[in-house]
$ cat structure.cif   # mmCIF, C-alpha atoms and all ligand atoms
data_work
#
loop_
_atom_site.group_PDB
_atom_site.id
_atom_site.type_symbol
_atom_site.label_atom_id
_atom_site.label_comp_id
_atom_site.auth_asym_id
_atom_site.auth_seq_id
_atom_site.Cartn_x
_atom_site.Cartn_y
_atom_site.Cartn_z
ATOM 1 C CA MET A 23 135.008 116.929 117.043
ATOM 2 C CA SER A 24 131.924 115.327 118.483
ATOM 3 C CA LYS A 25 129.526 113.869 115.954
ATOM 4 C CA THR A 26 126.525 114.599 118.134
ATOM 5 C CA ARG A 27 124.532 117.472 116.820
ATOM 6 C CA VAL A 28 122.531 119.249 119.467
ATOM 7 C CA PRO A 29 119.242 120.675 118.180
ATOM 8 C CA LEU A 30 119.006 124.453 118.441
ATOM 9 C CA THR A 31 115.971 124.217 120.720
ATOM 10 C CA ALA A 32 117.989 122.179 123.204
ATOM 11 C CA LEU A 33 120.788 124.738 123.082
ATOM 12 C CA LEU A 34 118.338 127.566 123.684
ATOM 13 C CA ALA A 35 116.775 125.662 126.591
ATOM 14 C CA ALA A 36 120.237 125.100 128.051
ATOM 15 C CA ALA A 37 121.077 128.779 127.640
ATOM 16 C CA ALA A 38 117.825 129.710 129.386
ATOM 17 C CA ALA A 39 118.609 127.296 132.208
ATOM 18 C CA ILE A 40 122.011 128.931 132.746
ATOM 19 C CA THR A 41 120.504 132.415 132.721
ATOM 20 C CA LEU A 42 117.818 131.416 135.230
ATOM 21 C CA SER A 43 119.985 129.553 137.725
ATOM 22 C CA ALA A 44 122.702 131.662 139.271
ATOM 23 C CA CYS A 45 125.243 128.865 139.525
ATOM 24 C CA GLY A 46 124.029 126.621 136.644
ATOM 25 C CA SER A 47 126.112 123.789 138.011
ATOM 26 C CA SER A 48 124.737 120.868 136.008
ATOM 27 C CA ALA A 49 123.509 122.677 132.893
ATOM 28 C CA PRO A 50 125.470 121.765 129.785
ATOM 29 C CA SER A 51 127.498 124.511 128.164
ATOM 30 C CA ALA A 52 125.425 126.663 125.834
ATOM 31 C CA GLU A 53 128.487 127.456 123.779
ATOM 32 C CA LYS A 54 128.362 125.335 120.688
ATOM 33 C CA PRO A 55 131.555 124.703 118.792
ATOM 34 C CA ALA A 56 131.545 126.125 115.274
ATOM 35 C CA GLY A 57 130.077 123.737 112.713
ATOM 36 C CA GLU A 58 127.985 121.804 115.187
ATOM 37 C CA ALA A 59 124.751 123.760 114.774
ATOM 38 C CA GLU A 60 121.980 121.799 113.098
ATOM 39 C CA LEU A 61 122.163 122.084 109.343
ATOM 40 C CA SER A 62 119.485 124.316 107.894
ATOM 41 C CA THR A 63 117.579 122.395 105.206
ATOM 42 C CA ILE A 64 114.427 123.189 103.197
ATOM 43 C CA THR A 65 112.376 121.002 105.567
ATOM 44 C CA ALA A 66 113.771 121.092 109.086
ATOM 45 C CA GLY A 67 115.010 117.703 110.240
ATOM 46 C CA SER A 68 114.998 116.253 106.708
ATOM 47 C CA LEU A 69 117.474 116.011 103.857
ATOM 48 C CA THR A 70 115.373 116.384 100.714
ATOM 49 C CA VAL A 71 116.995 114.719 97.718
ATOM 50 C CA CYS A 72 115.945 115.117 94.081
ATOM 51 C CA SER A 73 116.597 112.269 91.702
ATOM 52 C CA ASP A 74 115.473 111.277 88.220
ATOM 53 C CA VAL A 75 114.014 107.801 88.739
ATOM 54 C CA PRO A 76 114.329 105.140 87.366
ATOM 55 C CA TYR A 77 118.023 104.932 86.567
ATOM 56 C CA ALA A 78 118.979 101.577 88.008
ATOM 57 C CA PRO A 79 121.286 100.680 89.643
ATOM 58 C CA PHE A 80 121.592 104.268 90.925
ATOM 59 C CA GLU A 81 117.942 105.098 91.566
ATOM 60 C CA ASP A 82 114.836 102.974 91.281
ATOM 61 C CA PHE A 83 111.326 102.704 92.671
ATOM 62 C CA ASP A 84 110.839 100.391 95.645
ATOM 63 C CA GLU A 85 107.237 100.544 96.697
ATOM 64 C CA GLY A 86 107.702 98.049 99.509
ATOM 65 C CA SER A 87 110.294 100.193 101.276
ATOM 66 C CA GLU A 88 109.754 103.022 103.713
ATOM 67 C CA LEU A 89 111.489 105.528 101.432
ATOM 68 C CA GLY A 90 109.692 104.315 98.304
ATOM 69 C CA TYR A 91 113.052 104.311 96.475
ATOM 70 C CA THR A 92 116.227 102.274 96.327
ATOM 71 C CA GLY A 93 119.550 102.281 94.466
ATOM 72 C CA PHE A 94 123.194 103.163 95.035
ATOM 73 C CA ASP A 95 122.627 106.946 95.116
ATOM 74 C CA ILE A 96 119.645 106.561 97.432
ATOM 75 C CA GLU A 97 121.483 104.299 99.865
ATOM 76 C CA ILE A 98 124.550 106.552 99.921
ATOM 77 C CA MET A 99 122.309 109.565 100.517
ATOM 78 C CA ASN A 100 120.501 107.678 103.266
ATOM 79 C CA ALA A 101 123.830 107.024 104.990
ATOM 80 C CA VAL A 102 124.771 110.702 104.538
ATOM 81 C CA ALA A 103 121.438 111.862 105.994
ATOM 82 C CA GLU A 104 121.839 109.498 108.936
ATOM 83 C CA ASN A 105 125.346 110.797 109.545
ATOM 84 C CA LEU A 106 123.953 114.334 109.644
ATOM 85 C CA GLY A 107 121.109 113.388 111.977
ATOM 86 C CA LEU A 108 118.514 114.039 109.261
ATOM 87 C CA LYS A 109 115.718 111.978 107.747
ATOM 88 C CA LEU A 110 115.982 111.259 104.007
ATOM 89 C CA VAL A 111 113.135 112.367 101.748
ATOM 90 C CA VAL A 112 113.342 111.538 98.015
ATOM 91 C CA LYS A 113 111.604 113.554 95.281
ATOM 92 C CA ASP A 114 111.448 112.253 91.695
ATOM 93 C CA GLN A 115 112.291 115.071 89.259
ATOM 94 C CA GLY A 116 113.175 115.224 85.550
ATOM 95 C CA PHE A 117 116.907 115.041 84.823
ATOM 96 C CA ASP A 118 117.014 118.125 82.612
ATOM 97 C CA GLY A 119 115.743 120.341 85.433
ATOM 98 C CA ILE A 120 118.185 118.705 87.833
ATOM 99 C CA GLN A 121 121.302 119.103 85.675
ATOM 100 C CA SER A 122 120.436 122.655 84.606
ATOM 101 C CA GLY A 123 120.259 123.814 88.222
ATOM 102 C CA ILE A 124 116.577 124.861 88.014
ATOM 103 C CA VAL A 125 115.281 122.294 90.498
ATOM 104 C CA LEU A 126 117.962 123.040 93.100
ATOM 105 C CA ASN A 127 118.090 126.775 92.643
ATOM 106 C CA SER A 128 114.305 126.978 93.079
ATOM 107 C CA LYS A 129 114.745 125.195 96.437
ATOM 108 C CA GLN A 130 112.777 122.044 95.661
ATOM 109 C CA CYS A 131 115.451 119.953 97.350
ATOM 110 C CA ASP A 132 118.651 120.312 99.323
ATOM 111 C CA VAL A 133 120.695 118.091 97.072
ATOM 112 C CA ALA A 134 120.423 116.152 93.808
ATOM 113 C CA ALA A 135 121.590 112.537 93.713
ATOM 114 C CA SER A 136 121.035 111.407 90.162
ATOM 115 C CA ALA A 137 124.199 109.843 88.735
ATOM 116 C CA ILE A 138 125.156 113.364 87.646
ATOM 117 C CA THR A 139 128.458 113.676 85.835
ATOM 118 C CA ILE A 140 130.515 116.585 87.121
ATOM 119 C CA ASN A 141 131.371 118.959 84.264
ATOM 120 C CA ASP A 142 132.233 122.625 83.746
ATOM 121 C CA GLU A 143 128.992 123.515 82.024
ATOM 122 C CA ARG A 144 126.976 122.288 85.014
ATOM 123 C CA LYS A 145 129.404 123.879 87.464
ATOM 124 C CA ALA A 146 128.242 127.253 86.156
ATOM 125 C CA ASN A 147 124.804 126.619 87.706
ATOM 126 C CA LEU A 148 125.450 124.083 90.477
ATOM 127 C CA ASP A 149 128.035 123.171 93.057
ATOM 128 C CA PHE A 150 129.228 119.574 93.198
ATOM 129 C CA THR A 151 130.386 117.495 96.130
ATOM 130 C CA ASP A 152 133.553 115.454 95.932
ATOM 131 C CA PRO A 153 133.183 112.720 93.277
ATOM 132 C CA TYR A 154 131.575 109.511 94.567
ATOM 133 C CA TYR A 155 131.535 107.209 91.507
ATOM 134 C CA ASP A 156 133.597 106.777 88.291
ATOM 135 C CA SER A 157 131.694 106.036 85.110
ATOM 136 C CA GLU A 158 131.875 105.863 81.330
ATOM 137 C CA GLN A 159 129.627 105.615 78.258
ATOM 138 C CA SER A 160 128.515 102.494 76.386
ATOM 139 C CA LEU A 161 126.501 101.215 73.446
ATOM 140 C CA LEU A 162 123.684 98.705 74.033
ATOM 141 C CA VAL A 163 122.089 96.697 71.190
ATOM 142 C CA ALA A 164 120.026 93.528 70.782
ATOM 143 C CA ASN A 165 122.046 90.288 70.797
ATOM 144 C CA ASP A 166 121.140 89.656 67.143
ATOM 145 C CA SER A 167 121.932 93.220 65.987
ATOM 146 C CA ASP A 168 124.439 93.921 63.179
ATOM 147 C CA ILE A 169 125.742 96.928 65.088
ATOM 148 C CA ALA A 170 129.175 96.169 66.486
ATOM 149 C CA SER A 171 130.564 99.650 67.058
ATOM 150 C CA ILE A 172 129.800 103.354 66.954
ATOM 151 C CA GLY A 173 130.961 103.343 63.322
ATOM 152 C CA ASP A 174 127.912 101.227 62.419
ATOM 153 C CA LEU A 175 125.369 103.836 63.517
ATOM 154 C CA ASP A 176 125.065 105.709 60.201
ATOM 155 C CA GLY A 177 121.342 105.947 59.431
ATOM 156 C CA VAL A 178 120.480 104.089 62.644
ATOM 157 C CA LYS A 179 118.156 105.276 65.424
ATOM 158 C CA VAL A 180 120.076 105.694 68.656
ATOM 159 C CA GLY A 181 118.240 106.379 71.903
ATOM 160 C CA VAL A 182 119.749 108.749 74.460
ATOM 161 C CA GLN A 183 118.437 110.539 77.532
ATOM 162 C CA LYS A 184 117.893 114.247 76.985
ATOM 163 C CA ALA A 185 120.436 116.625 78.542
ATOM 164 C CA THR A 186 122.853 113.851 79.501
ATOM 165 C CA THR A 187 126.498 113.241 78.746
ATOM 166 C CA GLY A 188 125.334 110.241 76.696
ATOM 167 C CA GLU A 189 123.396 112.585 74.433
ATOM 168 C CA SER A 190 126.480 114.804 73.989
ATOM 169 C CA TYR A 191 128.720 111.808 73.337
ATOM 170 C CA ALA A 192 126.338 110.412 70.717
ATOM 171 C CA THR A 193 125.896 113.807 69.066
ATOM 172 C CA GLU A 194 129.654 114.261 68.781
ATOM 173 C CA ASN A 195 130.672 110.727 67.865
ATOM 174 C CA ALA A 196 127.837 108.750 66.272
ATOM 175 C CA LYS A 197 128.330 109.963 62.714
ATOM 176 C CA GLY A 198 125.173 109.927 60.600
ATOM 177 C CA ALA A 199 123.023 108.463 63.381
ATOM 178 C CA GLU A 200 119.462 109.590 63.983
ATOM 179 C CA ILE A 201 119.644 110.520 67.642
ATOM 180 C CA VAL A 202 116.357 110.151 69.480
ATOM 181 C CA ALA A 203 116.312 111.958 72.859
ATOM 182 C CA PHE A 204 113.964 110.546 75.508
ATOM 183 C CA PRO A 205 113.008 112.252 78.780
ATOM 184 C CA SER A 206 114.380 109.333 80.804
ATOM 185 C CA ASP A 207 115.478 105.705 80.850
ATOM 186 C CA ALA A 208 111.855 104.840 81.636
ATOM 187 C CA GLU A 209 111.062 105.646 77.977
ATOM 188 C CA MET A 210 114.306 104.784 76.202
ATOM 189 C CA TRP A 211 114.628 101.234 77.505
ATOM 190 C CA PRO A 212 111.104 100.179 76.426
ATOM 191 C CA ALA A 213 111.762 101.905 73.077
ATOM 192 C CA LEU A 214 114.808 99.679 72.498
ATOM 193 C CA GLN A 215 112.869 96.589 73.577
ATOM 194 C CA ALA A 216 110.062 97.483 71.158
ATOM 195 C CA GLY A 217 112.537 98.059 68.319
ATOM 196 C CA GLN A 218 111.656 101.758 67.996
ATOM 197 C CA VAL A 219 115.363 102.516 68.310
ATOM 198 C CA ASP A 220 118.245 100.171 67.453
ATOM 199 C CA ALA A 221 120.729 101.107 70.159
ATOM 200 C CA LEU A 222 121.039 103.018 73.437
ATOM 201 C CA LEU A 223 124.041 105.171 74.193
ATOM 202 C CA GLN A 224 124.292 105.931 77.890
ATOM 203 C CA ASP A 225 126.192 105.376 81.130
ATOM 204 C CA LEU A 226 127.752 101.902 81.307
ATOM 205 C CA PRO A 227 126.255 100.722 84.641
ATOM 206 C CA VAL A 228 122.721 101.489 83.452
ATOM 207 C CA ASN A 229 123.155 99.728 80.111
ATOM 208 C CA LEU A 230 124.764 96.857 81.995
ATOM 209 C CA GLU A 231 121.592 96.592 84.071
ATOM 210 C CA HIS A 232 119.643 96.175 80.809
ATOM 211 C CA THR A 233 121.811 93.225 79.718
ATOM 212 C CA LYS A 234 120.462 91.267 82.689
ATOM 213 C CA ASP A 235 117.365 90.101 80.826
ATOM 214 C CA GLY A 236 119.638 88.268 78.368
ATOM 215 C CA ALA A 237 118.381 89.750 75.084
ATOM 216 C CA PHE A 238 120.692 92.785 74.860
ATOM 217 C CA GLN A 239 124.445 93.278 74.976
ATOM 218 C CA ILE A 240 127.015 96.028 75.321
ATOM 219 C CA VAL A 241 129.116 96.135 72.163
ATOM 220 C CA GLU A 242 131.352 99.078 73.035
ATOM 221 C CA GLN A 243 132.493 101.089 76.043
ATOM 222 C CA TYR A 244 133.841 104.638 75.850
ATOM 223 C CA ASP A 245 136.278 105.695 78.510
ATOM 224 C CA THR A 246 135.034 109.241 79.037
ATOM 225 C CA GLY A 247 136.541 109.494 82.520
ATOM 226 C CA GLU A 248 133.250 110.707 83.959
ATOM 227 C CA GLN A 249 132.808 111.155 87.691
ATOM 228 C CA TYR A 250 129.492 111.500 89.462
ATOM 229 C CA GLY A 251 128.940 114.117 92.130
ATOM 230 C CA PHE A 252 125.991 115.118 94.259
ATOM 231 C CA ALA A 253 124.822 118.630 93.432
ATOM 232 C CA VAL A 254 123.618 121.528 95.558
ATOM 233 C CA SER A 255 122.411 124.961 94.542
ATOM 234 C CA LYS A 256 125.122 127.461 93.657
ATOM 235 C CA GLY A 257 126.782 128.820 96.779
ATOM 236 C CA ASN A 258 125.071 126.486 99.272
ATOM 237 C CA THR A 259 128.342 125.801 101.081
ATOM 238 C CA ALA A 260 126.623 124.771 104.324
ATOM 239 C CA VAL A 261 124.936 121.742 102.748
ATOM 240 C CA LEU A 262 127.917 121.093 100.446
ATOM 241 C CA ASP A 263 130.420 120.989 103.307
ATOM 242 C CA ALA A 264 128.096 118.891 105.469
ATOM 243 C CA ILE A 265 127.664 116.293 102.699
ATOM 244 C CA ASN A 266 131.379 116.206 101.900
ATOM 245 C CA GLY A 267 132.099 115.713 105.605
ATOM 246 C CA ALA A 268 129.527 112.930 105.841
ATOM 247 C CA LEU A 269 130.910 111.272 102.676
ATOM 248 C CA GLU A 270 134.375 111.292 104.201
ATOM 249 C CA GLU A 271 133.051 109.677 107.369
ATOM 250 C CA ILE A 272 131.038 106.975 105.604
ATOM 251 C CA ARG A 273 134.108 106.157 103.500
ATOM 252 C CA ALA A 274 136.261 105.970 106.628
ATOM 253 C CA ASP A 275 133.849 103.758 108.597
ATOM 254 C CA GLY A 276 133.344 101.275 105.739
ATOM 255 C CA SER A 277 129.665 101.983 105.056
ATOM 256 C CA TYR A 278 130.374 103.464 101.602
ATOM 257 C CA ASP A 279 132.266 100.291 100.604
ATOM 258 C CA LYS A 280 129.540 98.067 101.956
ATOM 259 C CA ILE A 281 126.905 99.836 99.845
ATOM 260 C CA TYR A 282 129.254 99.978 96.813
ATOM 261 C CA ASP A 283 129.932 96.248 96.996
ATOM 262 C CA SER A 284 126.247 95.419 97.304
ATOM 263 C CA TYR A 285 125.692 97.059 93.896
ATOM 264 C CA PHE A 286 128.967 96.724 91.994
ATOM 265 C CA ALA A 287 131.091 93.924 93.438
ATOM 266 C CA VAL A 288 132.367 91.609 90.702
ATOM 267 C CA ASN A 289 132.623 88.070 91.972
HETATM 268 N N1 LIG B 301 125.726 110.622 83.996
HETATM 269 C C1 LIG B 301 124.895 111.159 82.961
HETATM 270 C C2 LIG B 301 124.883 112.653 83.034
HETATM 271 O O1 LIG B 301 125.226 113.188 84.039
HETATM 272 C C3 LIG B 301 123.475 110.628 83.009
HETATM 273 C C4 LIG B 301 122.758 110.800 84.298
HETATM 274 C C5 LIG B 301 121.274 110.488 84.223
HETATM 275 N N2 LIG B 301 120.751 110.309 85.537
HETATM 276 C C6 LIG B 301 119.506 109.892 85.811
HETATM 277 N N3 LIG B 301 119.170 109.687 87.045
HETATM 278 N N4 LIG B 301 118.658 109.698 84.855
HETATM 279 O O2 LIG B 301 124.514 113.333 82.105
#
$ encode --input "structure.cif" --output "structure tokens"
Amino acid sequence: MSKTRVPLTALLAAAAAITLSACGSSAPSAEKPAGEAELSTITAGSLTVCSDVPYAPFEDFDEGSELGYTGFDIEIMNAVAENLGLKLVVKDQGFDGIQSGIVLNSKQCDVAASAITINDERKANLDFTDPYYDSEQSLLVANDSDIASIGDLDGVKVGVQKATTGESYATENAKGAEIVAFPSDAEMWPALQAGQVDALLQDLPVNLEHTKDGAFQIVEQYDTGEQYGFAVSKGNTAVLDAINGALEEIRADGSYDKIYDSYFAVN
């Protein structure tokens, strides 16, 4: 199948040309193979992506860049958009509205790319693409903290992001802890730094990012077997299939690996 997607206007013009000229010798065929019509998105020509920013290394602000955003999810989505012949537009939205389906089902974006763990509860309100990243949970504390494991959290303030799998994991497993739910990592990370909470329980790659300043460490990892997927509104098979197709192609041509390695390669 050709990867070139002919805009509908061009197809209509070609069809008109055939109708007008009796022989239509040089006009391209107006018959488009199934699946090659331009994808219908909320803003024609664009792929609008919702993401809860910041959540480095998956999504972060990047004022110097054309998109205004960077991160693994953003770069993968940019490659997907390019593959589909669309321009990427990123919208920052709260994670709760993203994971509940509200943001997508009210047509604020075509797809959500927000390090979203695929699970059955969310599948009731959203459709997920094929998984694109494997993750797990982790516990982050200050280097000089007495907390060495989840068993030490009794009576301790543990920061989580609201409506995340980290919140569920902490609620189920951190016995006796005082769980403090923040709207996003933009509030929970400064809260840990300021000593307002004593630990953060969240996705490993994001906590790992917070160890980079040297004052905090990951004391435990929890192999939850989580997989991230991009999400579309329930039943939006056109966008879902297009993104899955694009993901397959960017895996096959090496661009997925190149982006992956630029964020996660261990040397
Ligand atoms: N993976 C976790 C979940 O799906 C956390 C995702 C939070 N994402 C974000 N961009 N803040 O619940």
$ atom_distance --input "structure.cif" --atom1 "atom CA of Tyr250 of chain A" --atom2 "atom CA of Lys113 of chain A"
18.9 Å
$ residues_around --input "structure.cif" --residues "Glu231 of chain A" --least-positions-apart "5" --cutoff "12 Å" --atoms "only C-alpha atoms" --output "list in words"
Pro76, Tyr77, Ala78, Pro79, Phe80, Glu81, Asp82, Ser160, Leu162, Asp207, Trp211, Gln224, Asp225, Leu226, Gly236, Ala237, Phe238, Gln239, Ile240, Tyr285 and Phe286 of chain A
$ residues_near_ligand --input "structure.cif" --ligand "ligand LIG 301 (chain B)" --cutoff "10 Å" --atoms "only C-alpha atoms and all ligand atoms" --output "short mmCIF file (atom, residue, chain, number, x, y, z; two decimals) with C-alpha atoms, keeping the file's coordinate frame"
data_model
loop_
_atom_site.label_atom_id
_atom_site.label_comp_id
_atom_site.auth_asym_id
_atom_site.auth_seq_id
_atom_site.Cartn_x
_atom_site.Cartn_y
_atom_site.Cartn_z
CA CYS A 72 115.94 115.12 94.08
CA SER A 73 116.60 112.27 91.70
CA ASP A 74 115.47 111.28 88.22
CA VAL A 75 114.01 107.80 88.74
CA PRO A 76 114.33 105.14 87.37
CA TYR A 77 118.02 104.93 86.57
CA ALA A 78 118.98 101.58 88.01
CA PRO A 79 121.29 100.68 89.64
CA PHE A 80 121.59 104.27 90.92
CA GLU A 81 117.94 105.10 91.57
CA ASP A 82 114.84 102.97 91.28
CA ASP A 95 122.63 106.95 95.12
CA ASP A 114 111.45 112.25 91.70
CA GLN A 115 112.29 115.07 89.26
CA GLY A 116 113.18 115.22 85.55
CA PHE A 117 116.91 115.04 84.82
CA ASP A 118 117.01 118.12 82.61
CA ILE A 120 118.18 118.70 87.83
CA GLN A 121 121.30 119.10 85.68
CA ALA A 134 120.42 116.15 93.81
CA ALA A 135 121.59 112.54 93.71
CA SER A 136 121.04 111.41 90.16
CA ALA A 137 124.20 109.84 88.74
CA ILE A 138 125.16 113.36 87.65
CA THR A 139 128.46 113.68 85.84
CA ILE A 140 130.51 116.58 87.12
CA ASN A 141 131.37 118.96 84.26
CA ARG A 144 126.98 122.29 85.01
CA ASP A 156 133.60 106.78 88.29
CA SER A 157 131.69 106.04 85.11
CA GLU A 158 131.88 105.86 81.33
CA GLN A 159 129.63 105.62 78.26
CA VAL A 182 119.75 108.75 74.46
CA GLN A 183 118.44 110.54 77.53
CA LYS A 184 117.89 114.25 76.98
CA ALA A 185 120.44 116.62 78.54
CA THR A 186 122.85 113.85 79.50
CA THR A 187 126.50 113.24 78.75
CA GLY A 188 125.33 110.24 76.70
CA GLU A 189 123.40 112.58 74.43
CA SER A 190 126.48 114.80 73.99
CA TYR A 191 128.72 111.81 73.34
CA PRO A 205 113.01 112.25 78.78
CA SER A 206 114.38 109.33 80.80
CA ASP A 207 115.48 105.70 80.85
CA ALA A 208 111.86 104.84 81.64
CA GLN A 224 124.29 105.93 77.89
CA ASP A 225 126.19 105.38 81.13
CA LEU A 226 127.75 101.90 81.31
CA PRO A 227 126.26 100.72 84.64
CA VAL A 228 122.72 101.49 83.45
CA GLU A 248 133.25 110.71 83.96
CA GLN A 249 132.81 111.16 87.69
CA TYR A 250 129.49 111.50 89.46
CA GLY A 251 128.94 114.12 92.13
#
$ residues_around --input "structure.cif" --residues "Gly107 of chain A" --least-positions-apart "2" --cutoff "9 Å" --atoms "all atoms listed in the file" --output "tab-separated table (two decimals) with C-alpha atoms, in the coordinates of the input"
chain	number	residue	atom	x	y	z
A	26	THR	CA	126.52	114.60	118.13
A	27	ARG	CA	124.53	117.47	116.82
A	60	GLU	CA	121.98	121.80	113.10
A	67	GLY	CA	115.01	117.70	110.24
A	68	SER	CA	115.00	116.25	106.71
A	102	VAL	CA	124.77	110.70	104.54
A	103	ALA	CA	121.44	111.86	105.99
A	104	GLU	CA	121.84	109.50	108.94
A	105	ASN	CA	125.35	110.80	109.54
A	109	LYS	CA	115.72	111.98	107.75
$ closest_residue --input "structure.cif" --among "A:Asp84, A:Asp263, A:Asp152, A:Glu209" --to "Leu222 of chain A" --atoms "all atoms listed in the file"
A:Glu209
$ atom_distance --input "structure.cif" --atom1 "atom CA of Val178 of chain A" --atom2 "atom CA of Gly217 of chain A"
11.5 Å
$ atom_distance --input "structure.cif" --atom1 "atom CA of Tyr154 of chain A" --atom2 "atom CA of Phe204 of chain A"
26.0 Å
$ resolve_selection --input "structure.cif" --expression "the PyMOL selection byres (((chain A and resi 169) around 12) and not hetatm)" --output "MDAnalysis selection string"
chainID A and resid 161:168 170:180 199 220:222 238:242
$ closest_residue --input "structure.cif" --among "A:Phe150, A:Tyr155, A:Phe83, A:Tyr91" --to "Tyr282 of chain A" --atoms "only C-alpha atoms"
A:Tyr155
$ closest_residue --input "structure.cif" --among "A:Ala253, A:Ala213, A:Ile281, A:Val219" --to "Thr92 of chain A" --atoms "all atoms listed in the file"
A:Ile281
$ resolve_selection --input "structure.cif" --expression "the PyMOL selection byres (((chain A and resi 61) around 8) and not hetatm)" --output "NGL selection string"
:A and (59-60 or 62-63 or 106 or 260-261 or 264)
$ decode --input "structure.cif" --residues "segment 123-175 of chain A" --atoms "C-alpha atoms" --output "short mmCIF file (atom, residue, chain, number, x, y, z; two decimals), in the first residue's frame"
data_model
loop_
_atom_site.label_atom_id
_atom_site.label_comp_id
_atom_site.auth_asym_id
_atom_site.auth_seq_id
_atom_site.Cartn_x
_atom_site.Cartn_y
_atom_site.Cartn_z
CA GLY A 123 -12.36 9.62 29.16
CA ILE A 124 -13.98 13.05 29.66
CA VAL A 125 -11.38 15.02 27.70
CA LEU A 126 -11.40 12.64 24.73
CA ASN A 127 -15.09 11.93 24.67
CA SER A 128 -15.83 15.67 24.65
CA LYS A 129 -13.63 15.94 21.53
CA GLN A 130 -10.93 18.21 22.95
CA CYS A 131 -8.27 16.10 21.25
CA ASP A 132 -7.90 13.18 18.89
CA VAL A 133 -5.66 11.18 21.17
CA ALA A 134 -4.17 11.28 24.67
CA ALA A 135 -0.46 10.63 25.11
CA SER A 136 0.16 10.85 28.82
CA ALA A 137 2.02 7.77 30.06
CA ILE A 138 -1.41 6.20 30.56
CA THR A 139 -1.41 2.67 31.91
CA ILE A 140 -3.79 0.42 30.02
CA ASN A 141 -6.32 -1.14 32.41
CA ASP A 142 -9.84 -2.57 32.33
CA GLU A 143 -11.42 0.26 34.29
CA ARG A 144 -10.18 2.81 31.74
CA LYS A 145 -11.08 0.53 28.84
CA ALA A 146 -14.73 1.03 29.81
CA ASN A 147 -14.46 4.70 28.77
CA LEU A 148 -11.55 4.79 26.30
CA ASP A 149 -9.96 2.73 23.58
CA PHE A 150 -6.23 2.08 23.79
CA THR A 151 -3.67 1.63 21.05
CA ASP A 152 -1.20 -1.21 21.14
CA PRO A 153 1.12 -0.83 24.16
CA TYR A 154 4.17 1.37 23.51
CA TYR A 155 6.07 1.32 26.83
CA ASP A 156 6.44 -1.08 29.82
CA SER A 157 6.51 0.47 33.27
CA GLU A 158 6.27 -0.20 36.99
CA GLN A 159 5.81 1.63 40.31
CA SER A 160 8.49 2.90 42.70
CA LEU A 161 9.09 4.66 46.00
CA LEU A 162 11.18 7.85 46.08
CA VAL A 163 12.58 9.32 49.33
CA ALA A 164 15.32 11.73 50.40
CA ASN A 165 18.81 10.20 50.58
CA ASP A 166 18.87 10.69 54.37
CA SER A 167 15.37 9.26 54.94
CA ASP A 168 14.75 6.32 57.32
CA ILE A 169 12.22 4.88 54.88
CA ALA A 170 13.66 1.80 53.21
CA SER A 171 10.53 0.03 52.02
CA ILE A 172 6.76 0.25 51.72
CA GLY A 173 6.54 -1.38 55.16
CA ASP A 174 8.03 1.79 56.68
CA LEU A 175 5.20 4.06 55.55
#
